[in-house]
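Engineer: Please see the structure below; I have some questions.
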Amino acid sequence: MARWSNRQVKNFADAAQSLKLYRRAELVDDDTQKSLIEDLYVDPLPADGILNALVRANTSFLIGRKGTGKSTVFQRAQHEIRKQKASISAYLDIKTIFESSDVDPVLLDKLGQQPSALPPETVKQFLLYESFVRAVLLEIRAEMKKQIDATFLSRLREKLLSSSTEIFEALDELIENTRQVAFADITGQQTVTAKNERHQEASSSTKANAKLAGGIKNQLPSIDVEVGASGETAEKATSKADEEFSRVLLRTFNIKGLIGELADLLSEIGITRLYIFIDDFSELPEDAMVVFVDSVLAPLNNWSNELIKFKVAAYPGRIYYGQIDKTKIDELYLDPFKLYGTNDVSNMEEKAIDFTTRVVNTRLKYFCDTDLATFSDSEFQEITKHLFFATMGNPRNLGHILYNLHESHLVYDKAIGTRAIRDAARKYYEEKIEPFFGIQKFRLDTFKERSSIFSLKELLEKIVVRARELRSYRESTVMKTISGRPPTSHFHVLTEFDALLSTLELNFFLTKYFEMKDRDGRKVSVFALNFGLCEKHSIEFGRPAGKREYRLYFVERIFDDTSIIKQYLEQNQEIKCQDCGAIFGLDKLDGLKLYGMSCPTCRTGTCVVTNLSRRYETILENVQTELLLPATELGILETLHSEDRDLAAAEIAADLDCSYQLVGRRGKILEEKGLVDRLMQRNRRRFRLTETARGEYFRDNESRELDLPDG
């Protein structure tokens, strides 16, 4: 007799799938279409601590890796705000807005024909930023319209504006007014000042100076533009150009006037607070992030007289604050160490395991009317501990692990045990995490950028090799007391090296586990290797239990990988002047920093630090230029390959953490390149990987796995 009914098994899969949902995928009841966000939301802190902090009238940054539940917290917060009489909210997917911003190619052709015109790429960048900022403002209006339609219609009939039509007309007029008065003259002293400041900060010769003056039309009123452009590429010059461009945008959109009119309009229906939720902030290119913060986010935050409060979802270590006063904002973290790591490791683990358990049981209670224990065959505490190890409490990763368990065990009427979780974690690592480097070598970026990513592959391989070597180490007192294979999954480094490991952490190869003092009293960061990676390479995870001295197991001297980091930097880091090409040793870095990275050889250039992969240099050089693709296109190919079936745009978007519209647009480009087929199946378009794509990007691509010696 089967342990569970077919319905229970199916509902378990539905519960897992609901955790895998990306970003703004709405959780609704299939029968009533009622939102389930209030029923299924699980706060990482007791008494809804994160939610309550987020709905305060402060600008907040919600910080966590992909899948930590930022968008779910946003949904729950907006659901709560809708209950407030004097507040309204709007949601903006900044990445999609940026990606969908476009430039009229006909316009670029016309500009290119003018004498002394700026290079097309420079003009394209200017217009892209302009279009991007306007799209943000229009999206605010669109989201407000949805909120008012759904929430405030009855109240509007009792106010001065007696129907929703009137307020929408007023909003339209406000947007139209910004169009009509937006384009002030931005020539003259401000541009000259920008050129002078460029000269002072990057004082090499101003090659390729150019000016453009004329009417620019892109479905917008005429713009009179005079832009000074320099061929200089020094980092300071670029930064100054971004700053001056932000000032142009500020004048263009007259943000202070906009806020005043918006406040007056909202006050007529009793609205005194506008919460703007900004998702995918860290997905913006760095230069676009700077322009967005300096020209939109910071001014609106600083000038809105308490009307606007931003709620920004971001990745750790990938945030630009600009002129936003960090002392006046809240930073809310969703990864385990930042959430729970204030006392000791055991306390952090206990709280994180509790959150993991609550997430799983809340979903199973709704979908299956039971809890995880019903589907388990071993000690429940061990099951939940292993689920935390496998996912680090990341809800989306948890969904993937549970779905793998459904496929490997429940459909065969086998209960879930710790061995099953280990196997599910390894499968997830091999299919979704490890291939990262293999696809990144085809990324449309500079050779240095791709080499920098592959240098991290080198570093990770050295860390894993060290963890495997320590499996047989028995020289220390602590290791001698451990029977069987000792756990070697964790290592520590000086905290000053955290930033170097951030990309590996962001992509789930590592997780920052804790901060402690090592045996020499130095502050160190403890990192954990991915649980599935450890399973693949026979590395025991965690720490031993039962003895007092095991409390400091992670900071035993044998787990100090600081020397590996330093050796990596010496071998792979290059400090080079962007002007004269002079190269300096790592020992000169501190001295260069004292003088703002100014080159001591030519005295005009700026030195930059780049991590280069020596080991994989030849592999990267052999990649054909025509195979290089933007990150989104590569993500589409990777998802189609790993799933090995035809997928709809929404399914691909769920894996990539982006919108289905973006996948649709990029999928069309990939079809034109012969890399995907777009098929109509049951009146729904699906994507299929072509044999050409399989051969060029995946077959015989050894970079898709770590290159480790046998053992």
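Residue numbering restarts at 1 in every chain; chains get A, B, ... in the order shown in the structure tokens, and ligands count up from 1 in that same order.
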Quick one: residues within 8 Å of range 351-358 of chain A, only C-alpha atoms counted, chain neighbours fewer than 5 positions away excluded, as a ChimeraX atom specification?

Structural biologist: /A:42-45,336,340,384-385,387-388,392-395

Engineer: Please, what distance in Å, to one decimal, runs between CA of Glu350 in chain A and CA of Gln381 in chain A?

Structural biologist: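 Taking CA of Glu350 in chain A and CA of Gln381 in chain A, their separation equals 10.6 Å.
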
Engineer: For range 289-383 of chain A against range 5-14 of chain A, with a cut-off of 8 Å and counting only C-alpha atoms, what is the closest atom pair and its distance in Å to one decimal for every residue that makes the cut, ordered by chain and number, as JSON lines?

Structural biologist:
{"residue": "A:Leu364", "atom": "CA", "partner": "A:Phe12", "partner_atom": "CA", "distance": 6.7}
{"residue": "A:Phe367", "atom": "CA", "partner": "A:Asn11", "partner_atom": "CA", "distance": 5.5}
{"residue": "A:Cys368", "atom": "CA", "partner": "A:Asn11", "partner_atom": "CA", "distance": 5.6}

Engineer: Given the selection you just returned, output its residues as a file containing N, CA and C atoms, formatted as an mmCIF file, in the first residue's frame.

Structural biologist:
data_model
loop_
_atom_site.group_PDB
_atom_site.id
_atom_site.type_symbol
_atom_site.label_atom_id
_atom_site.label_comp_id
_atom_site.auth_asym_id
_atom_site.auth_seq_id
_atom_site.Cartn_x
_atom_site.Cartn_y
_atom_site.Cartn_z
ATOM 1 N N LEU A 364 3.812 23.206 3.141
ATOM 2 C CA LEU A 364 3.203 21.877 3.131
ATOM 3 C C LEU A 364 1.856 21.875 3.854
ATOM 4 N N PHE A 367 -0.535 23.343 1.109
ATOM 5 C CA PHE A 367 -0.728 22.531 -0.095
ATOM 6 C C PHE A 367 -1.104 21.084 0.227
ATOM 7 N N CYS A 368 -0.567 20.536 1.333
ATOM 8 C CA CYS A 368 -0.770 19.113 1.630
ATOM 9 C C CYS A 368 -1.535 18.866 2.926
#

Engineer: Quick one, how far is CA of Ile37 in chain A from CA of Gln17 in chain A?

Structural biologist: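 Atom-to-atom, CA of Ile37 in chain A to CA of Gln17 in chain A, that is 15.0 Å.
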
Engineer: In Å, how far is it from CA of Ile383 in chain A to CA of Leu402 in chain A?

Structural biologist: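 According to the coordinates, CA of Ile383 in chain A and CA of Leu402 in chain A are separated by 11.8 Å.
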
Engineer: Write down as a count of residues only the residues belonging to range 400-620 of chain A that are assigned strand (DSSP E or B) by DSSP computed on the backbone.

Structural biologist: 37

Engineer: Show me, as a PDB file with C-alpha atoms, in the first residue's frame, the residues that have an atom within 9 Å of range 488-490 of chain A when counting only C-alpha atoms, minus same-chain residues fewer than 4 positions from it.

Structural biologist:
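For reference, around32.pdb as written:
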ATOM      1  CA  VAL A 464      38.496  22.910  -2.555  1.00  0.00           C
ATOM      2  CA  ARG A 466      42.859  22.309   0.463  1.00  0.00           C
ATOM      3  CA  ALA A 467      39.580  21.061   1.980  1.00  0.00           C
ATOM      4  CA  ARG A 468      40.153  17.641   0.415  1.00  0.00           C
ATOM      5  CA  GLU A 469      43.745  17.502   1.670  1.00  0.00           C
ATOM      6  CA  LEU A 470      42.603  18.160   5.238  1.00  0.00           C
ATOM      7  CA  ARG A 471      40.367  15.076   5.210  1.00  0.00           C
ATOM      8  CA  TYR A 513      28.848  31.624   7.875  1.00  0.00           C
ATOM      9  CA  VAL A 526      34.223  31.873   8.339  1.00  0.00           C
ATOM     10  CA  PHE A 527      32.951  30.624   4.965  1.00  0.00           C
ATOM     11  CA  ALA A 528      31.169  27.377   4.139  1.00  0.00           C
ATOM     12  CA  LEU A 529      31.614  25.593   0.830  1.00  0.00           C
ATOM     13  CA  ASN A 530      28.393  24.708  -0.974  1.00  0.00           C
ATOM     14  CA  PHE A 531      26.821  21.577   0.525  1.00  0.00           C
ATOM     15  CA  CYS A 534      31.022  18.987  -0.714  1.00  0.00           C
ATOM     16  CA  ILE A 539      34.040  16.613   1.808  1.00  0.00           C
ATOM     17  CA  GLU A 540      32.214  16.137   5.100  1.00  0.00           C
ATOM     18  CA  PHE A 541      30.113  19.177   5.997  1.00  0.00           C
ATOM     19  CA  GLY A 542      29.840  21.046   9.290  1.00  0.00           C
ATOM     20  CA  ARG A 543      31.739  20.510  12.530  1.00  0.00           C
ATOM     21  CA  PHE A 554      36.084  26.587  12.361  1.00  0.00           C
ATOM     22  CA  PHE A 559      41.386  26.013   8.291  1.00  0.00           C
TER      23      PHE A 559
END

Engineer: Compile the contact shell of Tyr550 in chain A as a PyMOL selection string: residues with an atom at most 12 Å away, counting only C-alpha atoms, same-chain residues fewer than 2 positions apart removed.

Structural biologist: chain A and resi 345-346+477-479+481-482+486-487+542-548+552-556

Engineer: Please write the residues from the selection above to a file, keeping C-alpha atoms, as a short mmCIF file (atom, residue, chain, number, x, y, z; two decimals), in the first residue's frame.

Structural biologist:
data_model
loop_
_atom_site.label_atom_id
_atom_site.label_comp_id
_atom_site.auth_asym_id
_atom_site.auth_seq_id
_atom_site.Cartn_x
_atom_site.Cartn_y
_atom_site.Cartn_z
CA VAL A 345 27.62 29.82 15.66
CA SER A 346 25.25 27.43 17.41
CA THR A 477 45.16 17.91 18.76
CA VAL A 478 41.55 18.49 17.73
CA MET A 479 41.78 16.41 14.55
CA THR A 481 40.10 13.26 18.60
CA ILE A 482 37.73 12.89 15.64
CA PRO A 486 36.65 14.98 9.84
CA PRO A 487 34.48 17.81 8.48
CA GLY A 542 29.84 21.05 9.29
CA ARG A 543 31.74 20.51 12.53
CA PRO A 544 32.02 17.73 15.08
CA ALA A 545 29.83 17.78 18.18
CA GLY A 546 30.07 16.56 21.74
CA LYS A 547 33.13 18.37 23.10
CA ARG A 548 33.60 21.91 24.33
CA LEU A 552 36.10 26.89 17.94
CA TYR A 553 36.55 24.21 15.30
CA PHE A 554 36.08 26.59 12.36
CA VAL A 555 38.97 28.81 13.49
CA GLU A 556 41.50 26.05 13.98
#

Engineer: List the spatial neighbours of Glu570 in chain A as an MDAnalysis selection string - criterion: any atom at most 9 Å away, only C-alpha atoms, same-chain residues fewer than 5 positions off excluded.

Structural biologist: chainID A and resid 565 585:587

Engineer: Write the selection just made, keeping N, CA and C atoms, as a CSV table (one decimal), in the first residue's frame?

Structural biologist:
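And here is the file that came out, again26.csv:
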chain,number,residue,atom,x,y,z
A,565,ILE,N,44.6,33.0,-0.3
A,565,ILE,CA,44.2,34.2,-0.8
A,565,ILE,C,45.3,35.1,-1.2
A,585,GLY,N,53.9,46.0,-8.8
A,585,GLY,CA,53.7,44.8,-8.0
A,585,GLY,C,52.6,45.1,-6.9
A,586,LEU,N,52.1,44.0,-6.4
A,586,LEU,CA,51.1,44.1,-5.3
A,586,LEU,C,51.6,44.8,-4.1
A,587,ASP,N,52.9,44.8,-3.9
A,587,ASP,CA,53.4,45.5,-2.7
A,587,ASP,C,53.3,47.0,-2.8

Engineer: Given only C-alpha atoms as the basis, pick out the residue of A:Lys673, A:Lys668, A:Tyr320, A:Asp344 nearest to Lys517 in chain A.

Structural biologist: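 Closest residue, counting only C-alpha atoms: A:Asp344.
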
Engineer: I need the alpha helix (DSSP H) residues of range 580-655 of chain A per DSSP on the backbone, written as JSON, numbers by chain.

Structural biologist: {"A": [589, 590, 591, 592, 593, 594, 617, 618, 619, 620, 621, 631, 632, 633, 634, 635, 636, 637, 638, 639, 640, 641, 642, 643, 649, 650, 651, 652, 653, 654, 655]}
